[in-house]
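target.cif (mmCIF, C-alpha atoms and all ligand atoms) appears below.
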data_work
loop_
_atom_site.label_atom_id
_atom_site.label_comp_id
_atom_site.auth_asym_id
_atom_site.auth_seq_id
_atom_site.Cartn_x
_atom_site.Cartn_y
_atom_site.Cartn_z
CA MET Z 1 36.11 -2.14 -42.10
CA ILE Z 2 37.98 -2.67 -38.82
CA ARG Z 3 35.94 0.15 -37.35
CA ARG Z 4 32.71 -1.57 -38.47
CA ILE Z 5 33.72 -4.90 -36.92
CA TYR Z 6 34.67 -3.05 -33.76
CA LEU Z 7 31.28 -1.31 -33.57
CA LEU Z 8 29.47 -4.60 -34.25
CA PHE Z 9 31.45 -6.24 -31.48
CA ILE Z 10 30.56 -3.44 -29.06
CA ALA Z 11 26.84 -3.67 -30.01
CA LEU Z 12 26.87 -7.47 -29.50
CA PHE Z 13 28.65 -7.09 -26.18
CA CYS Z 14 26.14 -4.50 -24.95
CA THR Z 15 23.18 -6.68 -25.98
CA LEU Z 16 24.67 -9.66 -24.15
CA CYS Z 17 25.32 -7.50 -21.09
CA LEU Z 18 21.77 -6.16 -21.07
CA ASN Z 19 20.27 -9.64 -21.40
CA ALA Z 20 22.56 -10.97 -18.71
CA GLN Z 21 21.36 -8.16 -16.44
CA LYS Z 22 17.72 -9.14 -16.91
CA THR Z 23 16.41 -10.72 -13.76
CA LYS Z 24 14.28 -13.83 -13.99
CA GLN Z 25 13.64 -14.41 -10.32
CA PHE Z 26 12.64 -12.67 -7.10
CA THR Z 27 15.21 -12.47 -4.31
CA PRO Z 28 13.25 -11.26 -1.27
CA GLY Z 29 15.11 -8.91 1.06
CA GLU Z 30 18.01 -8.30 -1.35
CA ILE Z 31 18.89 -5.13 -3.24
CA TRP Z 32 16.52 -4.96 -6.24
CA ASN Z 33 17.94 -2.85 -9.06
CA ASP Z 34 15.90 -0.98 -11.66
CA ASN Z 35 16.86 -0.45 -15.32
CA ASN Z 36 19.44 2.14 -14.25
CA GLY Z 37 21.13 -0.21 -11.80
CA LYS Z 38 19.69 1.64 -8.78
CA HIS Z 39 17.83 -0.01 -5.87
CA ILE Z 40 14.09 0.41 -6.51
CA ASN Z 41 12.78 3.30 -4.45
CA ALA Z 42 9.04 2.61 -4.00
CA HIS Z 43 8.31 1.77 -0.37
CA GLY Z 44 4.89 1.09 1.14
CA GLY Z 45 3.90 0.49 -2.45
CA GLY Z 46 1.13 -0.95 -4.53
CA ILE Z 47 0.68 -2.11 -8.11
CA LEU Z 48 -1.68 -1.19 -10.93
CA PHE Z 49 -1.96 -3.43 -13.99
CA HIS Z 50 -2.95 -1.45 -17.06
CA LYS Z 51 -2.83 -2.45 -20.75
CA GLY Z 52 -0.30 -5.24 -20.31
CA ILE Z 53 2.02 -3.29 -18.00
CA TYR Z 54 2.44 -3.38 -14.23
CA TYR Z 55 3.01 -0.01 -12.54
CA TRP Z 56 4.59 0.01 -9.09
CA TYR Z 57 3.96 3.16 -7.04
CA GLY Z 58 5.63 3.77 -3.71
CA GLU Z 59 7.15 6.25 -1.29
CA HIS Z 60 10.36 7.76 -2.63
CA LYS Z 61 12.85 7.81 0.26
CA ILE Z 62 16.16 9.58 0.66
CA ALA Z 63 19.14 8.67 2.84
CA GLY Z 64 19.19 9.47 6.55
CA LYS Z 65 16.37 9.86 9.04
CA ILE Z 66 15.01 12.85 7.14
CA GLY Z 67 14.01 10.32 4.47
CA ASN Z 68 11.11 9.22 6.67
CA SER Z 69 9.36 12.40 5.58
CA ALA Z 70 8.49 13.11 1.94
CA GLN Z 71 11.31 15.06 0.34
CA VAL Z 72 10.57 14.09 -3.27
CA GLY Z 73 7.18 12.40 -3.70
CA VAL Z 74 5.73 9.18 -5.07
CA SER Z 75 7.84 7.06 -7.42
CA CYS Z 76 6.56 5.02 -10.33
CA TYR Z 77 8.20 2.03 -12.05
CA SER Z 78 6.87 -0.07 -14.92
CA SER Z 79 7.37 -3.70 -15.82
CA LYS Z 80 6.01 -6.37 -18.15
CA ASP Z 81 7.33 -9.37 -16.22
CA LEU Z 82 7.35 -8.21 -12.54
CA TYR Z 83 11.10 -8.97 -12.24
CA ASN Z 84 12.56 -6.10 -14.27
CA TRP Z 85 11.43 -2.55 -13.52
CA LYS Z 86 11.93 0.65 -15.46
CA ASP Z 87 12.15 3.88 -13.52
CA GLU Z 88 9.29 6.13 -14.70
CA SER Z 89 10.46 8.89 -12.39
CA ILE Z 90 8.29 10.77 -9.87
CA ALA Z 91 4.54 10.35 -10.43
CA LEU Z 92 3.49 12.84 -7.74
CA LYS Z 93 5.90 15.54 -6.60
CA VAL Z 94 5.80 17.15 -3.18
CA ASP Z 95 5.09 20.87 -3.38
CA GLU Z 96 7.65 23.61 -2.71
CA ASP Z 97 4.76 25.84 -1.54
CA PRO Z 98 4.80 25.78 2.28
CA ASN Z 99 1.01 26.25 2.29
CA SER Z 100 0.33 23.12 0.31
CA ASP Z 101 -0.94 20.05 2.21
CA ILE Z 102 1.78 18.05 0.44
CA THR Z 103 4.58 20.51 1.03
CA LYS Z 104 8.11 19.06 1.07
CA GLY Z 105 8.68 17.50 4.49
CA CYS Z 106 5.12 16.25 4.98
CA THR Z 107 4.63 12.54 5.64
CA LEU Z 108 3.21 10.83 2.59
CA GLU Z 109 2.81 7.08 3.00
CA ARG Z 110 1.47 3.99 1.24
CA PRO Z 111 0.34 5.53 -2.09
CA LYS Z 112 -1.97 3.35 -4.20
CA VAL Z 113 -3.32 3.94 -7.71
CA ILE Z 114 -6.47 2.62 -9.38
CA TYR Z 115 -7.91 3.27 -12.83
CA ASN Z 116 -11.45 4.52 -13.35
CA THR Z 117 -12.80 3.17 -16.64
CA LYS Z 118 -15.68 5.71 -16.71
CA THR Z 119 -13.61 8.87 -16.23
CA LYS Z 120 -10.45 7.34 -17.78
CA LYS Z 121 -8.45 8.83 -14.92
CA PHE Z 122 -5.74 7.26 -12.82
CA VAL Z 123 -6.57 8.01 -9.20
CA MET Z 124 -4.00 7.96 -6.40
CA TRP Z 125 -4.85 7.80 -2.68
CA PHE Z 126 -2.28 8.03 0.09
CA HIS Z 127 -1.92 8.52 3.84
CA LEU Z 128 -0.97 12.11 4.54
CA GLU Z 129 0.41 13.70 7.68
CA LEU Z 130 0.81 17.47 7.60
CA LYS Z 131 4.35 18.77 7.94
CA GLY Z 132 5.49 19.23 11.51
CA LYS Z 133 2.36 17.65 13.01
CA GLY Z 134 3.66 14.15 13.70
CA TYR Z 135 1.02 11.50 13.00
CA TYR Z 136 -1.82 13.63 14.33
CA ALA Z 137 -3.55 14.72 11.11
CA ALA Z 138 -4.32 11.14 9.92
CA ARG Z 139 -5.67 12.31 6.57
CA SER Z 140 -6.22 10.79 3.14
CA GLY Z 141 -4.76 12.52 0.08
CA VAL Z 142 -6.12 12.19 -3.46
CA ALA Z 143 -4.34 12.95 -6.74
CA VAL Z 144 -5.29 12.32 -10.36
CA SER Z 145 -3.61 11.82 -13.73
CA ASP Z 146 -4.46 11.05 -17.36
CA LYS Z 147 -1.47 8.71 -17.63
CA PRO Z 148 -0.39 5.85 -15.38
CA GLU Z 149 3.12 7.19 -14.93
CA GLY Z 150 1.81 10.66 -14.11
CA PRO Z 151 2.36 13.48 -13.54
CA PHE Z 152 -0.41 13.29 -10.92
CA THR Z 153 -2.12 16.48 -9.79
CA PHE Z 154 -2.86 16.74 -6.08
CA LEU Z 155 -6.56 17.43 -5.52
CA LYS Z 156 -7.30 17.43 -1.79
CA SER Z 157 -6.68 15.92 1.60
CA PHE Z 158 -9.27 15.22 4.29
CA ARG Z 159 -10.40 12.85 7.01
CA PRO Z 160 -12.79 10.33 5.45
CA ASN Z 161 -16.51 10.04 5.98
CA ALA Z 162 -17.08 13.30 7.88
CA GLY Z 163 -20.71 13.43 9.03
CA PHE Z 164 -21.45 9.79 8.22
CA TRP Z 165 -21.96 6.97 10.68
CA PRO Z 166 -20.70 3.53 9.63
CA VAL Z 167 -23.40 1.06 8.61
CA ASN Z 168 -22.61 -1.00 11.72
CA VAL Z 169 -22.71 1.97 14.13
CA GLN Z 170 -23.87 1.14 17.67
CA PRO Z 171 -26.09 3.24 19.95
CA CYS Z 172 -23.08 3.93 22.24
CA HIS Z 173 -21.37 5.89 19.45
CA LYS Z 174 -24.19 8.40 19.21
CA LYS Z 175 -24.00 9.35 22.88
CA PRO Z 176 -22.14 12.58 23.77
CA VAL Z 177 -18.38 12.09 23.87
CA SER Z 178 -16.57 12.84 27.10
CA PRO Z 179 -14.35 15.97 26.89
CA ASP Z 180 -11.54 13.77 28.32
CA VAL Z 181 -11.28 12.06 24.95
CA LYS Z 182 -8.77 14.50 23.53
CA ASP Z 183 -8.25 14.96 19.83
CA SER Z 184 -4.60 14.03 20.14
CA TYR Z 185 -2.28 11.47 18.67
CA CYS Z 186 -1.66 8.73 21.16
CA GLY Z 187 0.66 6.48 19.19
CA GLY Z 188 0.23 2.85 18.37
CA LYS Z 189 -0.80 -0.19 20.28
CA GLY Z 190 -1.95 0.20 23.82
CA CYS Z 191 -2.43 3.94 23.58
CA LEU Z 192 -6.01 3.67 24.73
CA SER Z 193 -6.55 2.97 28.37
CA ALA Z 194 -9.99 1.49 27.72
CA PRO Z 195 -11.71 -0.53 24.98
CA VAL Z 196 -12.11 1.66 21.91
CA ASP Z 197 -15.91 1.70 21.97
CA SER Z 198 -16.03 2.86 25.57
CA VAL Z 199 -13.76 5.78 24.61
CA ASN Z 200 -15.86 6.35 21.47
CA LEU Z 201 -13.27 7.73 19.07
CA LEU Z 202 -15.78 7.14 16.30
CA GLY Z 203 -18.15 9.64 17.90
CA ARG Z 204 -15.30 12.05 18.61
CA ASP Z 205 -14.39 12.13 14.91
CA PHE Z 206 -17.91 12.00 13.47
CA LYS Z 207 -18.03 15.69 12.51
CA GLY Z 208 -14.46 16.23 11.33
CA GLY Z 209 -14.00 12.87 9.64
CA GLN Z 210 -12.47 9.62 10.73
CA MET Z 211 -8.73 9.20 11.24
CA ALA Z 212 -7.07 7.40 8.30
CA ARG Z 213 -3.48 6.21 8.53
CA ASP Z 214 -2.14 3.01 6.87
CA MET Z 215 -4.32 2.43 3.83
CA ASN Z 216 -4.99 0.46 0.70
CA LEU Z 217 -7.40 0.48 -2.23
CA PHE Z 218 -9.30 -2.39 -3.79
CA VAL Z 219 -11.42 -2.49 -6.95
CA ASP Z 220 -14.05 -5.23 -7.00
CA ASP Z 221 -15.22 -7.16 -10.08
CA ASP Z 222 -18.12 -4.72 -10.55
CA GLU Z 223 -15.61 -1.80 -10.53
CA THR Z 224 -16.79 -0.52 -7.15
CA ALA Z 225 -13.69 0.72 -5.33
CA TYR Z 226 -12.99 0.53 -1.60
CA HIS Z 227 -10.60 2.31 0.73
CA ILE Z 228 -9.39 0.35 3.75
CA TYR Z 229 -7.62 2.31 6.46
CA SER Z 230 -6.43 2.13 10.06
CA SER Z 231 -8.71 4.43 12.01
CA GLU Z 232 -9.70 5.41 15.55
CA GLU Z 233 -6.06 5.84 16.69
CA ASN Z 234 -5.13 2.69 14.72
CA SER Z 235 -7.38 0.52 16.87
CA THR Z 236 -9.92 -0.36 14.18
CA LEU Z 237 -10.01 -0.80 10.40
CA HIS Z 238 -12.63 0.92 8.28
CA ILE Z 239 -13.66 -0.40 4.88
CA SER Z 240 -15.16 2.48 2.96
CA LYS Z 241 -16.85 2.51 -0.44
CA LEU Z 242 -15.59 5.22 -2.80
CA SER Z 243 -17.70 7.45 -5.02
CA ASP Z 244 -18.19 6.34 -8.65
CA ASP Z 245 -15.32 8.57 -9.84
CA TYR Z 246 -13.05 7.17 -7.07
CA LEU Z 247 -12.19 10.72 -5.95
CA SER Z 248 -14.19 10.81 -2.70
CA CYS Z 249 -15.79 8.67 -0.02
CA SER Z 250 -19.37 7.59 -0.64
CA GLY Z 251 -20.26 7.79 3.06
CA GLU Z 252 -20.99 4.05 3.19
CA TYR Z 253 -18.46 2.31 5.43
CA TYR Z 254 -18.02 -0.43 8.01
CA ARG Z 255 -15.86 -0.78 11.09
CA VAL Z 256 -14.06 -4.11 11.16
CA PHE Z 257 -11.62 -5.78 13.59
CA VAL Z 258 -12.61 -3.36 16.35
CA GLY Z 259 -9.79 -2.95 18.88
CA ARG Z 260 -7.44 -5.30 16.96
CA TYR Z 261 -4.86 -2.60 16.05
CA MET Z 262 -4.13 -3.61 12.48
CA GLU Z 263 -1.77 -1.74 10.14
CA GLY Z 264 -0.51 -2.39 6.62
CA ALA Z 265 -3.90 -3.78 5.60
CA THR Z 266 -4.19 -5.31 2.14
CA LEU Z 267 -7.48 -6.40 0.59
CA PHE Z 268 -7.85 -8.89 -2.26
CA LYS Z 269 -10.30 -11.36 -3.73
CA CYS Z 270 -9.71 -14.97 -4.64
CA CYS Z 271 -12.21 -17.64 -5.71
CA GLY Z 272 -15.16 -15.41 -4.85
CA LYS Z 273 -13.98 -14.69 -1.29
CA TYR Z 274 -12.43 -11.55 0.15
CA TYR Z 275 -9.15 -11.71 2.06
CA ILE Z 276 -7.22 -9.32 4.23
CA ILE Z 277 -3.56 -9.65 5.14
CA ALA Z 278 -2.42 -7.04 7.64
CA SER Z 279 0.13 -6.51 10.40
CA ASP Z 280 0.01 -5.81 14.09
CA CYS Z 281 0.77 -2.26 15.19
CA THR Z 282 4.45 -1.93 16.24
CA GLY Z 283 5.78 1.15 14.42
CA TRP Z 284 8.57 0.33 11.95
CA ASN Z 285 9.36 -2.96 13.70
CA PRO Z 286 8.05 -6.15 12.14
CA ASN Z 287 5.53 -8.36 13.90
CA ALA Z 288 3.35 -11.38 13.14
CA ALA Z 289 0.98 -10.77 10.23
CA ARG Z 290 -2.72 -11.54 10.40
CA SER Z 291 -5.12 -12.82 7.78
CA ALA Z 292 -8.87 -12.95 7.50
CA VAL Z 293 -11.60 -14.06 5.10
CA ALA Z 294 -15.15 -12.93 4.34
CA ASP Z 295 -17.91 -13.79 1.88
CA GLU Z 296 -18.91 -10.14 1.54
CA ILE Z 297 -16.52 -7.21 1.51
CA PHE Z 298 -18.04 -5.58 4.61
CA GLY Z 299 -17.94 -8.88 6.46
CA GLU Z 300 -18.52 -10.76 8.55
CA TRP Z 301 -14.73 -11.19 8.68
CA LYS Z 302 -13.21 -14.29 10.22
CA GLU Z 303 -9.57 -14.19 11.35
CA LEU Z 304 -7.37 -16.98 9.99
CA GLY Z 305 -4.14 -16.31 11.89
CA ASN Z 306 -0.63 -15.56 10.72
CA PRO Z 307 -0.22 -16.39 7.02
CA ALA Z 308 3.57 -16.62 7.40
CA VAL Z 309 4.85 -20.10 8.15
CA GLY Z 310 8.22 -21.36 9.42
CA LYS Z 311 11.36 -19.66 10.68
CA ASP Z 312 10.88 -15.93 11.37
CA SER Z 313 7.16 -16.18 10.67
CA GLU Z 314 6.49 -14.38 13.97
CA LEU Z 315 8.15 -11.36 12.30
CA THR Z 316 6.60 -12.00 8.87
CA PHE Z 317 10.15 -12.70 7.63
CA HIS Z 318 11.18 -9.23 8.89
CA SER Z 319 8.60 -7.43 6.78
CA GLN Z 320 5.24 -5.67 6.93
CA SER Z 321 2.45 -6.09 4.38
CA THR Z 322 1.85 -3.35 1.84
CA TYR Z 323 -0.09 -5.00 -1.03
CA VAL Z 324 -1.25 -8.32 -2.41
CA LEU Z 325 -0.77 -8.51 -6.16
CA LYS Z 326 -2.81 -10.68 -8.50
CA VAL Z 327 -0.51 -12.06 -11.18
CA GLN Z 328 -2.10 -11.59 -14.60
CA GLY Z 329 -2.60 -14.57 -16.90
CA LYS Z 330 -2.26 -17.12 -14.10
CA ASN Z 331 -5.18 -18.62 -12.23
CA ASP Z 332 -5.45 -17.65 -8.58
CA SER Z 333 -1.82 -16.58 -8.40
CA TYR Z 334 -1.07 -13.91 -5.77
CA ILE Z 335 2.08 -12.28 -4.45
CA PHE Z 336 2.47 -10.93 -0.91
CA MET Z 337 4.37 -7.64 -1.06
CA GLY Z 338 6.03 -6.53 2.16
CA ASP Z 339 8.42 -3.81 3.27
CA ARG Z 340 11.52 -4.45 5.33
CA TRP Z 341 11.79 -0.95 6.81
CA THR Z 342 15.12 0.66 7.69
CA PRO Z 343 14.01 3.89 9.43
CA ASP Z 344 17.60 5.00 10.20
CA ASN Z 345 18.31 5.05 6.47
CA PRO Z 346 14.93 4.62 4.73
CA ILE Z 347 16.32 4.57 1.19
CA ASP Z 348 17.87 1.18 2.01
CA GLY Z 349 14.47 -0.42 2.80
CA ARG Z 350 14.05 -3.79 1.11
CA TYR Z 351 11.13 -5.58 -0.45
CA VAL Z 352 9.89 -9.01 0.55
CA TRP Z 353 7.75 -10.52 -2.18
CA LEU Z 354 6.55 -14.08 -1.63
CA PRO Z 355 4.02 -16.30 -3.39
CA ILE Z 356 0.75 -16.91 -1.54
CA LYS Z 357 -0.55 -20.47 -1.34
CA PHE Z 358 -4.02 -21.34 -0.13
CA GLU Z 359 -4.14 -24.16 2.40
CA ASN Z 360 -7.57 -25.18 3.66
CA GLY Z 361 -8.91 -21.85 2.47
CA ALA Z 362 -6.27 -19.79 4.32
CA PRO Z 363 -3.50 -17.76 2.64
CA LYS Z 364 -0.01 -18.99 3.56
CA MET Z 365 3.48 -17.93 2.63
CA TYR Z 366 6.81 -19.65 3.13
CA TRP Z 367 10.22 -18.04 3.00
CA GLN Z 368 12.18 -18.51 -0.23
CA ASP Z 369 15.65 -17.08 -0.91
CA LYS Z 370 14.87 -17.09 -4.61
CA TRP Z 371 11.77 -17.90 -6.56
CA SER Z 372 10.11 -17.32 -9.90
CA LEU Z 373 6.57 -17.32 -11.23
CA ASN Z 374 7.12 -20.78 -12.75
C1 LIG K 401 3.82 1.63 10.79
C2 LIG K 401 3.08 1.89 9.53
O1 LIG K 401 2.68 0.69 8.98
C3 LIG K 401 3.94 2.66 8.55
O2 LIG K 401 3.23 2.89 7.39
C4 LIG K 401 4.37 3.93 9.21
O3 LIG K 401 3.28 4.76 9.42
C5 LIG K 401 5.07 3.63 10.52
N1 LIG K 401 4.20 2.87 11.38
C6 LIG K 401 5.46 4.88 11.24
O4 LIG K 401 5.98 4.56 12.49
#
Mind converting the file's structure to structure tokens?
Ligand code: DGJ
Amino acid sequence: MIRRIYLLFIALFCTLCLNAQKTKQFTPGEIWNDNNGKHINAHGGGILFHKGIYYWYGEHKIAGKIGNSAQVGVSCYSSKDLYNWKDESIALKVDEDPNSDITKGCTLERPKVIYNTKTKKFVMWFHLELKGKGYYAARSGVAVSDKPEGPFTFLKSFRPNAGFWPVNVQPCHKKPVSPDVKDSYCGGKGCLSAPVDSVNLLGRDFKGGQMARDMNLFVDDDETAYHIYSSEENSTLHISKLSDDYLSCSGEYYRVFVGRYMEGATLFKCCGKYYIIASDCTGWNPNAARSAVADEIFGEWKELGNPAVGKDSELTFHSQSTYVLKVQGKNDSYIFMGDRWTPDNPIDGRYVWLPIKFENGAPKMYWQDKWSLN
């Protein structure tokens, strides 16, 4: 009898503990523990909502500078309320085979997953840099799974839209490219000594495919999916329509924000309009975010300025955009998801999630130490 009471007491205690541990608010920039009490490890992430559950995919990082390269793969977490996340383990593993494009030690960034209702496949795209080649490869990787939590199977990596001109190509792009325009990585902002169109990186990469670094995916109301990526040595964004099965590029794409050096681009739709929130191009260091609006996905895009408001807005509250999440079951409710990178010890990177408000048609976000969906 005493033993029974003891066991009952323990069970009650554990239930109370578990409930007490349940989070009911967001605390941007703080440690965010998963169901195992470990800081969530899903950086540069994005969210898929499927059958009542949110899935958060992101870069799995390890401690120390080596963690800036992919040592493990892409993590997946699941949640019903967006506050409490269950570790679903590694959705896509890096490969031990040194000949694989995604061999351990490659750079695998900003994974995003979308669901194709026709093929019933979960499709992951990510920015891939080949091991030991810095940020020169600028490729897109694609993986596929039958289940949201994976395991995902790596299919291919490539530079998008090889052999296709963008819809808004200009005559200057079709002229022969000067041999001085080397096929080499020239870093971030300011790496080009001349306006991007005079250098014609688009023409340089026409045959082999366009450079694709920071990226995101967006599925429109009609289930057409789009890939948005920093191209042409990060100087210009491309918005590219995917094939019906979401596994390839369709060849139909637009250049937008030419020469504006945007990274961390997110694409979302609210009240019939398309929005982009992105960052400037300053490596791992935060900068002032940008926002833009368009009536059609390929534009014309109109810049709306920095969506962050108040103290530290010029550094987007020490974060960089990675995704804008539509909250299910609430009208026009969106969350800005940002990364607070810690490149000296990437596993310690924090997440800055803030509610987006629309003021005069422009997305805005204000710092909050704590907040909830209510
Ligand atoms: C900034 C990008 O937004 C990140 O995804 C990453 O590629 C870093 N640059 C690398 O410096």
Residues within 9 Å of His50 of chain Z, all atoms listed in the file, excluding chain neighbours under 4 positions, as JSON, numbers by chain: {"Z": [54, 55, 115, 148]}
Need the shell around Phe158 of chain Z: protein/DNA/RNA residues with any atom at most 8 Å away, counting all atoms listed in the file. Skip same-chain ones fewer than 6 positions apart. Format as a tab-separated table (two decimals) with C-alpha atoms, in the coordinates of the input?
chain	number	residue	atom	x	y	z
Z	139	ARG	CA	-5.67	12.31	6.57
Z	140	SER	CA	-6.22	10.79	3.14
Z	141	GLY	CA	-4.76	12.52	0.08
Z	209	GLY	CA	-14.00	12.87	9.64
Would you compute an axis-aligned box for ligand LIG 401 (chain K), covering every atom listed for it in the file with 3 Å of margin on each side, and report centre and edge lengths in Å to one decimal as AutoDock Vina command-line options?
--center_x 4.3 --center_y 2.8 --center_z 9.9 --size_x 9.3 --size_y 10.2 --size_z 11.1
List the neighbours of Ile239 of chain Z out to 7 Å using all atoms listed in the file; skip same-chain residues closer than 3 positions along the sequence, and give me the result as a count of residues only. 8
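When all atoms listed in the file are used to compute distances to Gln320 of chain Z, the closest of the residues Z:Val219, Z:Arg110, Z:Ala294, Z:Gln368 turns out to be Z:Arg110.
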Give the residue list for ligand LIG 401 (chain K) at 9 Å, counting all atoms listed in the file, as an MDAnalysis selection string, sorted by chain and then by residue number. chainID Z and resid 44 68 107 109:110 127 135 187:188 213:215 262:265 279:286 320:322 341 343
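Using all atoms listed in the file, the smallest distance between any of Z:Phe206, Z:Phe268, Z:Tyr261, Z:Trp85 and Ala225 of chain Z comes from Z:Phe268.
Counting all atoms listed in the file and comparing Z:Ser240, Z:Gln71, Z:Ser89, Z:Asn345, the residue that lies closest to Leu217 of chain Z is Z:Ser240.
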For segment 264-321 of chain Z of the structure just presented, write C-alpha atoms to a file, as a PDB file, in the first residue's frame.
ATOM      1  CA  GLY Z 264      18.389  35.781 -45.791  1.00  0.00           C
ATOM      2  CA  ALA Z 265      15.442  36.425 -48.107  1.00  0.00           C
ATOM      3  CA  THR Z 266      12.013  35.279 -46.936  1.00  0.00           C
ATOM      4  CA  LEU Z 267       8.907  35.346 -49.118  1.00  0.00           C
ATOM      5  CA  PHE Z 268       5.323  35.318 -47.850  1.00  0.00           C
ATOM      6  CA  LYS Z 269       1.842  36.388 -48.827  1.00  0.00           C
ATOM      7  CA  CYS Z 270      -0.638  38.407 -46.818  1.00  0.00           C
ATOM      8  CA  CYS Z 271      -3.983  39.893 -47.885  1.00  0.00           C
ATOM      9  CA  GLY Z 272      -3.338  39.069 -51.533  1.00  0.00           C
ATOM     10  CA  LYS Z 273       0.060  40.801 -51.652  1.00  0.00           C
ATOM     11  CA  TYR Z 274       3.541  39.293 -51.708  1.00  0.00           C
ATOM     12  CA  TYR Z 275       6.158  40.401 -49.194  1.00  0.00           C
ATOM     13  CA  ILE Z 276       9.876  39.906 -48.848  1.00  0.00           C
ATOM     14  CA  ILE Z 277      11.867  40.440 -45.674  1.00  0.00           C
ATOM     15  CA  ALA Z 278      15.604  40.076 -46.195  1.00  0.00           C
ATOM     16  CA  SER Z 279      18.911  41.294 -44.808  1.00  0.00           C
ATOM     17  CA  ASP Z 280      21.842  43.244 -46.122  1.00  0.00           C
ATOM     18  CA  CYS Z 281      24.985  41.273 -46.938  1.00  0.00           C
ATOM     19  CA  THR Z 282      27.469  41.415 -44.011  1.00  0.00           C
ATOM     20  CA  GLY Z 283      28.537  37.803 -43.381  1.00  0.00           C
ATOM     21  CA  TRP Z 284      27.516  36.522 -39.937  1.00  0.00           C
ATOM     22  CA  ASN Z 285      27.172  40.061 -38.566  1.00  0.00           C
ATOM     23  CA  PRO Z 286      23.684  41.504 -38.238  1.00  0.00           C
ATOM     24  CA  ASN Z 287      22.574  44.527 -40.228  1.00  0.00           C
ATOM     25  CA  ALA Z 288      19.374  46.448 -40.953  1.00  0.00           C
ATOM     26  CA  ALA Z 289      16.691  44.266 -42.533  1.00  0.00           C
ATOM     27  CA  ARG Z 290      14.806  45.270 -45.659  1.00  0.00           C
ATOM     28  CA  SER Z 291      11.226  44.682 -46.692  1.00  0.00           C
ATOM     29  CA  ALA Z 292       9.362  44.919 -49.959  1.00  0.00           C
ATOM     30  CA  VAL Z 293       5.890  44.377 -51.407  1.00  0.00           C
ATOM     31  CA  ALA Z 294       4.511  43.337 -54.799  1.00  0.00           C
ATOM     32  CA  ASP Z 295       1.130  42.581 -56.338  1.00  0.00           C
ATOM     33  CA  GLU Z 296       2.581  39.738 -58.406  1.00  0.00           C
ATOM     34  CA  ILE Z 297       5.261  37.338 -57.241  1.00  0.00           C
ATOM     35  CA  PHE Z 298       7.723  38.322 -59.982  1.00  0.00           C
ATOM     36  CA  GLY Z 299       7.157  41.992 -59.254  1.00  0.00           C
ATOM     37  CA  GLU Z 300       7.279  44.819 -59.688  1.00  0.00           C
ATOM     38  CA  TRP Z 301       8.723  44.901 -56.152  1.00  0.00           C
ATOM     39  CA  LYS Z 302       8.659  48.095 -54.131  1.00  0.00           C
ATOM     40  CA  GLU Z 303      11.033  48.457 -51.181  1.00  0.00           C
ATOM     41  CA  LEU Z 304       9.410  49.437 -47.880  1.00  0.00           C
ATOM     42  CA  GLY Z 305      12.489  49.918 -45.696  1.00  0.00           C
ATOM     43  CA  ASN Z 306      13.591  48.288 -42.476  1.00  0.00           C
ATOM     44  CA  PRO Z 307      10.699  46.401 -40.851  1.00  0.00           C
ATOM     45  CA  ALA Z 308      12.434  46.494 -37.450  1.00  0.00           C
ATOM     46  CA  VAL Z 309      11.491  49.470 -35.306  1.00  0.00           C
ATOM     47  CA  GLY Z 310      13.075  50.959 -32.170  1.00  0.00           C
ATOM     48  CA  LYS Z 311      16.270  50.259 -30.253  1.00  0.00           C
ATOM     49  CA  ASP Z 312      18.700  47.994 -32.142  1.00  0.00           C
ATOM     50  CA  SER Z 313      16.487  48.034 -35.228  1.00  0.00           C
ATOM     51  CA  GLU Z 314      19.550  48.956 -37.315  1.00  0.00           C
ATOM     52  CA  LEU Z 315      20.833  45.458 -36.409  1.00  0.00           C
ATOM     53  CA  THR Z 316      17.404  43.789 -36.687  1.00  0.00           C
ATOM     54  CA  PHE Z 317      17.641  43.182 -32.923  1.00  0.00           C
ATOM     55  CA  HIS Z 318      20.958  41.351 -33.509  1.00  0.00           C
ATOM     56  CA  SER Z 319      19.432  38.837 -35.892  1.00  0.00           C
ATOM     57  CA  GLN Z 320      19.140  37.916 -39.563  1.00  0.00           C
ATOM     58  CA  SER Z 321      15.938  36.778 -41.269  1.00  0.00           C
TER      59      SER Z 321
END
